[in-house]
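The block underneath contains the structure these notes are about, expressed in structure tokens.
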Amino acid sequence: MRNRKAVFQTKKADTRRIQIMTFKELNLIEPILKALNEKKYITPTPIQQEAIIPALQNRDILGLAQTGTGKTAAFALPIIQQLYLNKTGEKRREIKALIITPTRELAIQIDECLKDYTRYTGIRHCVIFGGVKQASQVSELKAGIDILVATPGRLLDLMNQGFIRLDFVRHFVLDEADRMLDMGFIHDIKRLLPKLPKTKQTLFFSATMPSSIAVLSRSILHNPVRVEVTPAASVVDTIEQYLYYVEKPEKKDLLISLLKKDKKKSALIFSRTKHGADKIARILNKAEIGCAAIHGNKSQNARQRALSEFKSHDIQALIATDIAARGIDINNLELVINYDLPDVAETYVHRIGRTGRAGNTGKALTFCANEERAMLKDIQKLTGKNLVVSNQ
Ligand code: AMP
């Protein structure tokens with residue numbers, strides 16, 4: 001493991017930072033420490049170091065951070081601890097914490113984290129999202145839960161049907177606010193806000209701060225603690241980046257040979273288009289390389305199945321579009337391949353940020369055809385680094 005600190009790099013000068021080496025120093029309680037120990041988390045990430053103590057004091061947080069920084073634990077742990085320490089002994093469990101996130105994948109991931117983190121606390125949680133039947137979600141809600149993770153559409157839908165009451169919410173998390181805006185959910189959020197109790201803690205996270213998001217954050221946060229980590233332009237230095245100059249018609253053969261050379265390595269392959277992702281999947285299947293494609297035209301079930309097959313190493317490669325992949329958390333992913341260059345240079349940083357996470361090393365390979373060279377230049381300008389040309 002190389003240079004863990006660089007992985008969760010912060011923008012602010014490190015001299016300002018009080019180095020906290022253990023979770024215990026963040027005042028977390030034993031049932032949570034035990035769960036973190038089982039997850040093998042040793043050092044809190046910068047966002048956890050900065051956010052957990054004020055969040056435990058019920059302060060509002062404005063977090064500028066993207067997926068991969070450890071932000072889920074940064075907001076989840078203080079909520080779990082506060083709920084554990086302030087048990088109300090109500091007859092029926094009411095929703096006391098609400099976490100809103102834009103996509104089904106993110107919602108499921110957050111819920112999986114909650115499952116691990118709440119293991120020794122007795123706190124109950126569940127997740128709701130659209131695109132699937134509501135019956136099992138409704139029955140979980142009816143059984144009574146403490147923390148609800150939801151995508152905006154399904155939340156409003158079940159609220160309108162009378163299955164969800166938010167009168168008891170004390171902690172509210174708005175996750176990936178900038179993506180909410182991109183995906184057109186901002187009106188849903190604005191409809192939801194008045195339905196929440198006035199007095200509550202709000203934890204607001206966004207990777208970027210476009211002006212409409214800044215305005216929204218100011219309107220819902222009270223004297224927040226601002227926490228900022230890893231801006232999109234910085235690539236963590238645990239990721240080795242290599243470049244292949246290869247023309248379009250030769251890309252498929254290069255891909256096949258690289259994947260066959262290292263059969264044990266799981267690879268996340270990026271395609272700029274949905275059509276392209278399907279095409280790559282067909283090519284790899286033909287070459288007998290286990291793979292699946294995920295993108296917006298795939299059903300929720302197909303996407304979940306592909307993701308779980310990939311996570312359990314049943315298939316070697318997952319081919320994804322940027323929208324489908326952003327926010328997917330795959331532990332120990334060693335290899336990212338940019339089959340096409342993205343249209344926006346920042347997307348390159350998001351793509352390769354899928355590897356080299358949480359202190360692990362990773363590799364990112366980029367295929368660049370002649371007509372993609374202008375984009376390559378933009379990427380190198382943004383990251384301030386020239387990619388190493390592979391001689392293999
Ligand atoms: P997130 O930004 O919340 O999606 O987290 C990114 C990844 O880092 C997830 O796989 C987490 O399980 C992992 N992670 C979060 N906090 C830590 C930590 N303190 N130490 C090691 N891994 C962590």
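In the structure tokens, chains take the letters A, B, ... in the order shown, each chain's residues start at 1, and ligands count up from 1 in the order shown.
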Produce as a PDB file with C-alpha atoms, in the first residue's frame the set of residues near ligand 1, where near means within 6 Å with only C-alpha atoms and all ligand atoms considered.
ATOM      1  CA  TYR A  41     -10.994   0.436   8.113  1.00  0.00           C
ATOM      2  CA  ILE A  42      -7.907   1.597  10.005  1.00  0.00           C
ATOM      3  CA  THR A  43      -7.432   5.283   9.289  1.00  0.00           C
ATOM      4  CA  PRO A  44     -10.318   7.702   8.830  1.00  0.00           C
ATOM      5  CA  THR A  45     -10.209   9.395   5.423  1.00  0.00           C
ATOM      6  CA  THR A  67     -17.694   8.999  -4.413  1.00  0.00           C
ATOM      7  CA  GLY A  68     -14.492   7.245  -3.441  1.00  0.00           C
ATOM      8  CA  THR A  69     -13.517   9.676  -0.678  1.00  0.00           C
ATOM      9  CA  GLY A  70     -15.236   7.767   2.124  1.00  0.00           C
ATOM     10  CA  LYS A  71     -18.131  10.206   2.292  1.00  0.00           C
ATOM     11  CA  THR A  72     -20.766   7.551   2.986  1.00  0.00           C
ATOM     12  CA  ALA A  73     -19.192   6.674   6.327  1.00  0.00           C
ATOM     13  CA  ASP A 329     -18.400   1.253  -5.773  1.00  0.00           C
ATOM     14  CA  ASN A 331     -13.846  -2.797  -3.925  1.00  0.00           C
ATOM     15  CA  ALA A 358      -9.030   3.339  -0.274  1.00  0.00           C
TER      16      ALA A 358
END
According to DSSP computed on the backbone, where in stretch 175-268 of chain A is there alpha helix (DSSP H)? Give the residues as a PyMOL selection string. chain A and resi 177-182+186-192+211-220+248-261
Residue subset to file, keeping N, CA, C and O atoms, as a compact mmCIF listing (two decimals), in the first residue's frame:
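Written output follows (part.txt):
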# COMPACT_ATOMS: atom_id res chain seq x y z
N ALA A 177 -25.68 16.17 -4.74
CA ALA A 177 -26.65 17.20 -5.13
C ALA A 177 -26.45 17.65 -6.58
O ALA A 177 -27.42 17.89 -7.30
N ASP A 178 -25.20 17.73 -7.04
CA ASP A 178 -24.99 18.19 -8.42
C ASP A 178 -25.55 17.20 -9.44
O ASP A 178 -26.05 17.57 -10.49
N ARG A 179 -25.49 15.93 -9.11
CA ARG A 179 -26.07 14.94 -10.03
C ARG A 179 -27.60 14.99 -10.01
O ARG A 179 -28.25 14.71 -11.00
N MET A 180 -28.15 15.33 -8.84
CA MET A 180 -29.61 15.51 -8.77
C MET A 180 -30.03 16.55 -9.80
O MET A 180 -31.02 16.40 -10.50
N LEU A 181 -29.21 17.62 -9.85
CA LEU A 181 -29.50 18.70 -10.78
C LEU A 181 -29.37 18.19 -12.22
O LEU A 181 -30.29 18.36 -13.03
N ASP A 182 -28.27 17.51 -12.52
CA ASP A 182 -28.04 16.95 -13.87
C ASP A 182 -29.18 16.04 -14.30
O ASP A 182 -29.55 16.00 -15.46
N ILE A 186 -34.03 18.06 -9.28
CA ILE A 186 -33.97 19.16 -8.34
C ILE A 186 -35.38 19.64 -7.93
O ILE A 186 -35.61 20.06 -6.81
N HIS A 187 -36.35 19.47 -8.86
CA HIS A 187 -37.72 19.89 -8.52
C HIS A 187 -38.33 18.94 -7.50
O HIS A 187 -39.06 19.36 -6.60
N ASP A 188 -38.00 17.66 -7.64
CA ASP A 188 -38.47 16.69 -6.64
C ASP A 188 -37.93 17.06 -5.27
O ASP A 188 -38.63 17.00 -4.26
N ILE A 189 -36.66 17.46 -5.24
CA ILE A 189 -36.04 17.83 -3.96
C ILE A 189 -36.75 19.06 -3.38
O ILE A 189 -37.07 19.11 -2.19
N LYS A 190 -37.03 20.01 -4.25
CA LYS A 190 -37.70 21.23 -3.77
C LYS A 190 -39.10 20.93 -3.25
O LYS A 190 -39.59 21.60 -2.35
N ARG A 191 -39.74 19.91 -3.84
CA ARG A 191 -41.07 19.53 -3.35
C ARG A 191 -40.97 18.80 -2.01
O ARG A 191 -41.86 18.87 -1.18
N LEU A 192 -39.87 18.10 -1.86
CA LEU A 192 -39.70 17.30 -0.64
C LEU A 192 -39.35 18.16 0.58
O LEU A 192 -39.85 17.90 1.69
N SER A 211 -23.85 27.17 -9.50
CA SER A 211 -24.49 28.22 -8.68
C SER A 211 -25.85 27.81 -8.14
O SER A 211 -26.19 28.13 -7.00
N SER A 212 -26.64 27.04 -8.92
CA SER A 212 -27.96 26.69 -8.40
C SER A 212 -27.85 25.75 -7.19
O SER A 212 -28.70 25.78 -6.29
N ILE A 213 -26.80 24.95 -7.16
CA ILE A 213 -26.59 24.06 -6.01
C ILE A 213 -26.13 24.87 -4.80
O ILE A 213 -26.55 24.62 -3.66
N ALA A 214 -25.27 25.88 -5.07
CA ALA A 214 -24.82 26.74 -3.97
C ALA A 214 -26.03 27.47 -3.35
O ALA A 214 -26.15 27.56 -2.13
N VAL A 215 -26.93 27.93 -4.21
CA VAL A 215 -28.12 28.64 -3.71
C VAL A 215 -28.97 27.68 -2.87
O VAL A 215 -29.40 28.01 -1.76
N LEU A 216 -29.17 26.46 -3.40
CA LEU A 216 -29.96 25.47 -2.67
C LEU A 216 -29.31 25.16 -1.31
O LEU A 216 -30.00 25.12 -0.28
N SER A 217 -27.99 24.99 -1.31
CA SER A 217 -27.32 24.63 -0.06
C SER A 217 -27.49 25.75 0.97
O SER A 217 -27.76 25.49 2.13
N ARG A 218 -27.38 27.00 0.50
CA ARG A 218 -27.52 28.11 1.44
C ARG A 218 -28.93 28.17 2.01
O ARG A 218 -29.14 28.54 3.16
N SER A 219 -29.91 27.75 1.19
CA SER A 219 -31.29 27.86 1.67
C SER A 219 -31.64 26.76 2.67
O SER A 219 -32.60 26.90 3.41
N ILE A 220 -30.89 25.66 2.70
CA ILE A 220 -31.29 24.60 3.64
C ILE A 220 -30.29 24.35 4.77
O ILE A 220 -30.63 23.67 5.73
N LYS A 248 -9.15 3.15 -34.24
CA LYS A 248 -10.43 2.54 -33.87
C LYS A 248 -10.56 1.07 -34.24
O LYS A 248 -10.93 0.25 -33.40
N PRO A 249 -10.27 0.70 -35.51
CA PRO A 249 -10.51 -0.70 -35.88
C PRO A 249 -9.63 -1.69 -35.11
O PRO A 249 -9.97 -2.86 -34.99
N GLU A 250 -8.50 -1.20 -34.57
CA GLU A 250 -7.60 -2.12 -33.85
C GLU A 250 -7.90 -2.20 -32.35
O GLU A 250 -7.29 -3.00 -31.64
N LYS A 251 -8.80 -1.34 -31.88
CA LYS A 251 -9.02 -1.28 -30.43
C LYS A 251 -9.50 -2.62 -29.86
O LYS A 251 -9.09 -3.04 -28.79
N LYS A 252 -10.37 -3.29 -30.63
CA LYS A 252 -10.96 -4.53 -30.08
C LYS A 252 -9.88 -5.61 -29.87
O LYS A 252 -9.88 -6.30 -28.85
N ASP A 253 -8.95 -5.71 -30.82
CA ASP A 253 -7.91 -6.74 -30.67
C ASP A 253 -6.99 -6.44 -29.50
O ASP A 253 -6.59 -7.34 -28.76
N LEU A 254 -6.68 -5.15 -29.33
CA LEU A 254 -5.84 -4.76 -28.20
C LEU A 254 -6.55 -5.11 -26.89
O LEU A 254 -5.95 -5.68 -25.97
N LEU A 255 -7.83 -4.80 -26.83
CA LEU A 255 -8.60 -5.08 -25.62
C LEU A 255 -8.59 -6.57 -25.29
O LEU A 255 -8.30 -6.98 -24.17
N ILE A 256 -8.87 -7.36 -26.30
CA ILE A 256 -8.90 -8.82 -26.08
C ILE A 256 -7.55 -9.31 -25.60
O ILE A 256 -7.46 -10.06 -24.63
N SER A 257 -6.47 -8.83 -26.24
CA SER A 257 -5.16 -9.37 -25.83
C SER A 257 -4.80 -8.92 -24.42
O SER A 257 -4.25 -9.69 -23.64
N LEU A 258 -5.15 -7.69 -24.05
CA LEU A 258 -4.83 -7.23 -22.69
C LEU A 258 -5.63 -8.04 -21.65
O LEU A 258 -5.10 -8.42 -20.61
N LEU A 259 -6.89 -8.30 -21.96
CA LEU A 259 -7.72 -9.04 -20.99
C LEU A 259 -7.28 -10.50 -20.89
O LEU A 259 -7.31 -11.09 -19.82
N LYS A 260 -6.87 -11.06 -22.02
CA LYS A 260 -6.46 -12.47 -22.00
C LYS A 260 -5.13 -12.64 -21.28
O LYS A 260 -4.87 -13.67 -20.67
N LYS A 261 -4.28 -11.59 -21.37
CA LYS A 261 -2.97 -11.65 -20.74
C LYS A 261 -3.10 -11.73 -19.22
O LYS A 261 -2.33 -12.40 -18.54
As a VMD selection string, please: the residues near stretch 295-303 of chain A (cut-off 12 Å, only C-alpha atoms, same-chain neighbours under 5 positions excluded). chain A and resid 103 to 105 108 129 to 133 270 to 278 281 308 to 310 318 to 326 328
Residue selection dump (N, CA and C atoms) as a compact mmCIF listing (two decimals), in the first residue's frame:
# COMPACT_ATOMS: atom_id res chain seq x y z
N THR A 103 -29.31 7.92 -7.71
CA THR A 103 -29.48 6.70 -8.51
C THR A 103 -29.73 5.47 -7.64
N ARG A 104 -30.31 4.47 -8.31
CA ARG A 104 -30.60 3.20 -7.62
C ARG A 104 -29.33 2.55 -7.13
N GLU A 105 -28.29 2.59 -8.00
CA GLU A 105 -27.03 1.95 -7.63
C GLU A 105 -26.45 2.58 -6.36
N ILE A 108 -28.50 1.61 -3.28
CA ILE A 108 -28.23 0.24 -2.82
C ILE A 108 -26.87 0.19 -2.11
N PHE A 129 -36.27 2.52 -4.18
CA PHE A 129 -35.91 3.14 -5.46
C PHE A 129 -36.90 2.69 -6.51
N GLY A 130 -36.95 3.44 -7.61
CA GLY A 130 -37.93 3.14 -8.65
C GLY A 130 -37.47 2.05 -9.60
N GLY A 131 -38.34 1.72 -10.55
CA GLY A 131 -37.98 0.75 -11.58
C GLY A 131 -38.22 -0.69 -11.16
N VAL A 132 -38.68 -0.89 -9.93
CA VAL A 132 -39.03 -2.24 -9.46
C VAL A 132 -40.38 -2.14 -8.75
N LYS A 133 -41.01 -3.29 -8.50
CA LYS A 133 -42.31 -3.28 -7.83
C LYS A 133 -42.15 -2.73 -6.40
N PHE A 270 -14.73 1.50 -20.07
CA PHE A 270 -15.65 2.61 -20.35
C PHE A 270 -15.89 2.79 -21.83
N SER A 271 -17.16 2.97 -22.15
CA SER A 271 -17.54 3.27 -23.52
C SER A 271 -18.31 4.59 -23.48
N ARG A 272 -18.11 5.42 -24.49
CA ARG A 272 -18.78 6.72 -24.50
C ARG A 272 -20.29 6.57 -24.75
N THR A 273 -20.66 5.53 -25.48
CA THR A 273 -22.08 5.40 -25.83
C THR A 273 -22.63 4.03 -25.38
N LYS A 274 -23.97 3.98 -25.26
CA LYS A 274 -24.64 2.72 -24.88
C LYS A 274 -24.44 1.68 -25.97
N HIS A 275 -24.60 2.15 -27.21
CA HIS A 275 -24.45 1.27 -28.36
C HIS A 275 -23.03 0.68 -28.36
N GLY A 276 -22.04 1.54 -28.11
CA GLY A 276 -20.64 1.10 -28.07
C GLY A 276 -20.43 0.06 -26.97
N ALA A 277 -21.06 0.26 -25.83
CA ALA A 277 -20.90 -0.69 -24.71
C ALA A 277 -21.43 -2.06 -25.11
N ASP A 278 -22.58 -2.08 -25.76
CA ASP A 278 -23.14 -3.37 -26.19
C ASP A 278 -22.23 -4.05 -27.21
N ALA A 281 -19.29 -5.60 -25.55
CA ALA A 281 -19.72 -6.82 -24.86
C ALA A 281 -19.84 -7.99 -25.84
N SER A 308 -23.35 -7.61 -9.68
CA SER A 308 -23.00 -8.62 -8.67
C SER A 308 -22.14 -9.73 -9.28
N GLU A 309 -22.36 -10.05 -10.56
CA GLU A 309 -21.48 -11.05 -11.21
C GLU A 309 -20.05 -10.52 -11.28
N PHE A 310 -19.95 -9.23 -11.53
CA PHE A 310 -18.62 -8.62 -11.63
C PHE A 310 -17.94 -8.59 -10.26
N LEU A 318 -16.60 -5.57 -16.95
CA LEU A 318 -17.87 -4.86 -16.92
C LEU A 318 -17.70 -3.66 -17.84
N ILE A 319 -18.61 -3.53 -18.81
CA ILE A 319 -18.49 -2.41 -19.74
C ILE A 319 -19.59 -1.42 -19.39
N ALA A 320 -19.19 -0.17 -19.18
CA ALA A 320 -20.17 0.79 -18.67
C ALA A 320 -20.07 2.11 -19.40
N THR A 321 -21.21 2.81 -19.45
CA THR A 321 -21.18 4.20 -19.90
C THR A 321 -20.89 5.05 -18.67
N ASP A 322 -20.57 6.31 -18.89
CA ASP A 322 -20.19 7.16 -17.76
C ASP A 322 -21.32 7.33 -16.76
N ILE A 323 -22.52 7.57 -17.29
CA ILE A 323 -23.65 7.79 -16.38
C ILE A 323 -23.90 6.55 -15.54
N ALA A 324 -23.88 5.37 -16.17
CA ALA A 324 -24.18 4.14 -15.42
C ALA A 324 -23.09 3.85 -14.39
N ALA A 325 -21.85 4.22 -14.71
CA ALA A 325 -20.74 3.82 -13.84
C ALA A 325 -20.50 4.78 -12.70
N ARG A 326 -20.87 6.04 -12.90
CA ARG A 326 -20.51 7.00 -11.87
C ARG A 326 -21.17 6.62 -10.56
N ILE A 328 -20.65 3.89 -8.90
CA ILE A 328 -20.57 2.46 -8.58
C ILE A 328 -19.36 2.23 -7.71
Out of stretch 238-380 of chain A, which residues get strand (DSSP E or B) from DSSP, as an MDAnalysis selection string? chainID A and resid 239:245 267:270 291:294 317:320 335:338 362:368
Selected residues written out with N, CA and C atoms, as a CSV table (one decimal), in the first residue's frame:
chain,number,residue,atom,x,y,z
A,239,ILE,N,-2.7,5.4,-8.7
A,239,ILE,CA,-3.1,4.9,-10.0
A,239,ILE,C,-2.0,5.1,-11.1
A,240,GLU,N,-1.6,3.9,-11.6
A,240,GLU,CA,-0.7,4.0,-12.7
A,240,GLU,C,-1.5,4.2,-14.0
A,241,GLN,N,-1.1,5.2,-14.8
A,241,GLN,CA,-1.8,5.5,-16.0
A,241,GLN,C,-1.0,5.3,-17.2
A,242,TYR,N,-1.5,4.5,-18.2
A,242,TYR,CA,-0.8,4.2,-19.4
A,242,TYR,C,-1.7,4.5,-20.6
A,243,LEU,N,-1.0,4.9,-21.7
A,243,LEU,CA,-1.7,5.3,-22.9
A,243,LEU,C,-1.3,4.4,-24.1
A,244,TYR,N,-2.3,4.0,-24.9
A,244,TYR,CA,-2.0,3.3,-26.1
A,244,TYR,C,-2.5,4.1,-27.3
A,245,TYR,N,-1.6,4.4,-28.2
A,245,TYR,CA,-2.1,5.0,-29.4
A,245,TYR,C,-2.6,3.9,-30.3
A,267,ALA,N,-11.7,-6.0,-14.9
A,267,ALA,CA,-11.6,-4.7,-15.6
A,267,ALA,C,-12.9,-4.0,-15.8
A,268,LEU,N,-12.9,-2.7,-15.5
A,268,LEU,CA,-14.1,-1.9,-15.8
A,268,LEU,C,-13.7,-1.1,-17.0
A,269,ILE,N,-14.5,-1.3,-18.1
A,269,ILE,CA,-14.2,-0.8,-19.4
A,269,ILE,C,-15.2,0.3,-19.7
A,270,PHE,N,-14.7,1.5,-20.1
A,270,PHE,CA,-15.6,2.6,-20.3
A,270,PHE,C,-15.9,2.8,-21.8
A,291,CYS,N,-18.2,-11.2,-19.6
A,291,CYS,CA,-18.4,-9.8,-19.4
A,291,CYS,C,-19.9,-9.4,-19.5
A,292,ALA,N,-20.2,-8.2,-19.1
A,292,ALA,CA,-21.6,-7.7,-19.2
A,292,ALA,C,-21.5,-6.2,-19.4
A,293,ALA,N,-22.6,-5.7,-20.0
A,293,ALA,CA,-22.6,-4.2,-20.2
A,293,ALA,C,-23.7,-3.6,-19.3
A,294,ILE,N,-23.4,-2.4,-18.7
A,294,ILE,CA,-24.4,-1.7,-18.0
A,294,ILE,C,-24.6,-0.3,-18.5
A,317,ALA,N,-15.0,-8.8,-17.0
A,317,ALA,CA,-15.1,-7.4,-17.5
A,317,ALA,C,-16.5,-6.8,-17.3
A,318,LEU,N,-16.6,-5.6,-16.9
A,318,LEU,CA,-17.9,-4.9,-16.9
A,318,LEU,C,-17.7,-3.7,-17.8
A,319,ILE,N,-18.6,-3.5,-18.8
A,319,ILE,CA,-18.5,-2.4,-19.7
A,319,ILE,C,-19.6,-1.4,-19.4
A,320,ALA,N,-19.2,-0.2,-19.2
A,320,ALA,CA,-20.2,0.8,-18.7
A,320,ALA,C,-20.1,2.1,-19.4
A,335,LEU,N,-8.2,-2.6,-12.4
A,335,LEU,CA,-8.0,-2.1,-13.8
A,335,LEU,C,-9.2,-1.4,-14.4
A,336,VAL,N,-8.9,-0.2,-14.9
A,336,VAL,CA,-9.9,0.6,-15.6
A,336,VAL,C,-9.4,0.8,-17.1
A,337,ILE,N,-10.2,0.5,-18.1
A,337,ILE,CA,-9.8,0.7,-19.4
A,337,ILE,C,-10.7,1.7,-20.1
A,338,ASN,N,-10.1,2.8,-20.6
A,338,ASN,CA,-10.9,3.8,-21.4
A,338,ASN,C,-10.8,3.3,-22.9
A,362,GLY,N,-3.9,0.8,-8.4
A,362,GLY,CA,-4.7,0.5,-9.5
A,362,GLY,C,-4.0,0.9,-10.8
A,363,LYS,N,-4.6,0.4,-11.9
A,363,LYS,CA,-4.0,0.7,-13.2
A,363,LYS,C,-5.2,1.3,-14.1
A,364,ALA,N,-4.8,2.3,-14.9
A,364,ALA,CA,-5.8,2.8,-15.9
A,364,ALA,C,-5.2,2.9,-17.2
A,365,LEU,N,-5.8,2.2,-18.2
A,365,LEU,CA,-5.3,2.1,-19.6
A,365,LEU,C,-6.2,2.9,-20.5
A,366,THR,N,-5.6,3.8,-21.3
A,366,THR,CA,-6.4,4.6,-22.2
A,366,THR,C,-6.1,4.3,-23.7
A,367,PHE,N,-7.1,4.0,-24.4
A,367,PHE,CA,-6.9,3.8,-25.9
A,367,PHE,C,-7.2,5.1,-26.6
A,368,CYS,N,-6.3,5.6,-27.3
A,368,CYS,CA,-6.5,6.9,-28.0
A,368,CYS,C,-6.3,6.8,-29.5
Neighbour list for A:Glu94 as a VMD selection string, cut-off 9 Å, only C-alpha atoms, skip fewer than 4 positions in-chain: chain A and resid 90 144 to 147 165 to 169
Can you tell me which residues surround A:Asp378 at a distance of at most 12 Å, considering only C-alpha atoms, apart from same-chain residues fewer than 3 positions away, and format the answer as a VMD selection string? chain A and resid 233 341 to 349 372 to 375 381 to 387
If you keep N, CA and C atoms, can you produce a file of those selected residues as a PDB file, in the first residue's frame?
ATOM      1  N   ALA A 233      -9.891  17.528 -10.618  1.00  0.00           N
ATOM      2  CA  ALA A 233      -8.685  17.558 -11.448  1.00  0.00           C
ATOM      3  C   ALA A 233      -7.565  16.705 -10.878  1.00  0.00           C
ATOM      4  N   LEU A 341     -12.088   7.781 -25.401  1.00  0.00           N
ATOM      5  CA  LEU A 341     -11.869   8.911 -24.510  1.00  0.00           C
ATOM      6  C   LEU A 341     -13.214   9.591 -24.252  1.00  0.00           C
ATOM      7  N   PRO A 342     -13.388  10.130 -23.071  1.00  0.00           N
ATOM      8  CA  PRO A 342     -14.671  10.788 -22.792  1.00  0.00           C
ATOM      9  C   PRO A 342     -14.761  12.150 -23.489  1.00  0.00           C
ATOM     10  N   ASP A 343     -15.961  12.713 -23.515  1.00  0.00           N
ATOM     11  CA  ASP A 343     -16.141  14.023 -24.148  1.00  0.00           C
ATOM     12  C   ASP A 343     -15.644  15.162 -23.266  1.00  0.00           C
ATOM     13  N   VAL A 344     -15.657  14.939 -21.962  1.00  0.00           N
ATOM     14  CA  VAL A 344     -15.281  15.989 -21.019  1.00  0.00           C
ATOM     15  C   VAL A 344     -14.071  15.490 -20.229  1.00  0.00           C
ATOM     16  N   ALA A 345     -13.055  16.348 -20.107  1.00  0.00           N
ATOM     17  CA  ALA A 345     -11.810  15.898 -19.472  1.00  0.00           C
ATOM     18  C   ALA A 345     -12.030  15.435 -18.018  1.00  0.00           C
ATOM     19  N   GLU A 346     -12.883  16.129 -17.267  1.00  0.00           N
ATOM     20  CA  GLU A 346     -13.123  15.736 -15.859  1.00  0.00           C
ATOM     21  C   GLU A 346     -13.625  14.297 -15.762  1.00  0.00           C
ATOM     22  N   THR A 347     -14.351  13.873 -16.803  1.00  0.00           N
ATOM     23  CA  THR A 347     -14.901  12.516 -16.779  1.00  0.00           C
ATOM     24  C   THR A 347     -13.776  11.481 -16.705  1.00  0.00           C
ATOM     25  N   TYR A 348     -12.642  11.815 -17.323  1.00  0.00           N
ATOM     26  CA  TYR A 348     -11.488  10.902 -17.256  1.00  0.00           C
ATOM     27  C   TYR A 348     -11.096  10.676 -15.799  1.00  0.00           C
ATOM     28  N   VAL A 349     -11.068  11.757 -15.032  1.00  0.00           N
ATOM     29  CA  VAL A 349     -10.670  11.650 -13.622  1.00  0.00           C
ATOM     30  C   VAL A 349     -11.692  10.814 -12.849  1.00  0.00           C
ATOM     31  N   GLU A 372      -8.960  11.334 -31.433  1.00  0.00           N
ATOM     32  CA  GLU A 372      -9.210  11.606 -30.016  1.00  0.00           C
ATOM     33  C   GLU A 372      -8.060  12.395 -29.373  1.00  0.00           C
ATOM     34  N   ARG A 373      -7.070  12.759 -30.158  1.00  0.00           N
ATOM     35  CA  ARG A 373      -5.868  13.386 -29.588  1.00  0.00           C
ATOM     36  C   ARG A 373      -6.152  14.745 -28.938  1.00  0.00           C
ATOM     37  N   ALA A 374      -7.121  15.482 -29.486  1.00  0.00           N
ATOM     38  CA  ALA A 374      -7.432  16.794 -28.898  1.00  0.00           C
ATOM     39  C   ALA A 374      -7.951  16.600 -27.472  1.00  0.00           C
ATOM     40  N   MET A 375      -8.776  15.566 -27.296  1.00  0.00           N
ATOM     41  CA  MET A 375      -9.306  15.287 -25.963  1.00  0.00           C
ATOM     42  C   MET A 375      -8.197  14.853 -25.010  1.00  0.00           C
ATOM     43  N   LYS A 381      -3.827  18.351 -19.764  1.00  0.00           N
ATOM     44  CA  LYS A 381      -3.780  19.720 -19.244  1.00  0.00           C
ATOM     45  C   LYS A 381      -4.478  19.769 -17.871  1.00  0.00           C
ATOM     46  N   LEU A 382      -5.627  19.126 -17.811  1.00  0.00           N
ATOM     47  CA  LEU A 382      -6.403  19.135 -16.559  1.00  0.00           C
ATOM     48  C   LEU A 382      -5.662  18.447 -15.419  1.00  0.00           C
ATOM     49  N   THR A 383      -5.076  17.293 -15.722  1.00  0.00           N
ATOM     50  CA  THR A 383      -4.431  16.534 -14.643  1.00  0.00           C
ATOM     51  C   THR A 383      -2.984  16.974 -14.424  1.00  0.00           C
ATOM     52  N   GLY A 384      -2.469  17.789 -15.339  1.00  0.00           N
ATOM     53  CA  GLY A 384      -1.098  18.282 -15.204  1.00  0.00           C
ATOM     54  C   GLY A 384      -0.059  17.185 -15.388  1.00  0.00           C
ATOM     55  N   LYS A 385      -0.443  16.132 -16.083  1.00  0.00           N
ATOM     56  CA  LYS A 385       0.475  15.000 -16.243  1.00  0.00           C
ATOM     57  C   LYS A 385       0.380  14.454 -17.656  1.00  0.00           C
ATOM     58  N   ASN A 386       1.528  14.062 -18.219  1.00  0.00           N
ATOM     59  CA  ASN A 386       1.471  13.352 -19.496  1.00  0.00           C
ATOM     60  C   ASN A 386       1.355  11.860 -19.218  1.00  0.00           C
ATOM     61  N   LEU A 387       0.424  11.203 -19.909  1.00  0.00           N
ATOM     62  CA  LEU A 387       0.275   9.775 -19.683  1.00  0.00           C
ATOM     63  C   LEU A 387       1.487   9.041 -20.266  1.00  0.00           C
TER      64      LEU A 387
END
Just the residues within 10 Å of A:Leu83, please, counting only C-alpha atoms, with nothing from its chain fewer than 4 positions along; format it as a list of chain:residue names.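 These residues fall inside the cut-off: A:Leu77, A:Pro78, A:Ile79, A:Lys87, A:Thr88, A:Lys96, A:Ala97, A:Thr121, A:Ile123, A:Asp146, A:Ile147, A:Arg170, A:His171.
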Might you pull out every residue within 12 Å of A:Asp157, with only C-alpha atoms counted and same-chain residues fewer than 3 positions away left off, and present them as a VMD selection string? chain A and resid 128 to 130 134 138 150 to 154 160 to 164 188 191 to 192
For A:Leu98, which residue out of A:Leu56, A:Leu203, A:Leu33, A:Ala51 is the nearest one, using only C-alpha atoms? A:Leu203
Restricting the calculation to only C-alpha atoms, which member of A:Leu28, A:Ala135, A:Ile95, A:Ile47 is positioned closest to A:Leu196? A:Ile95
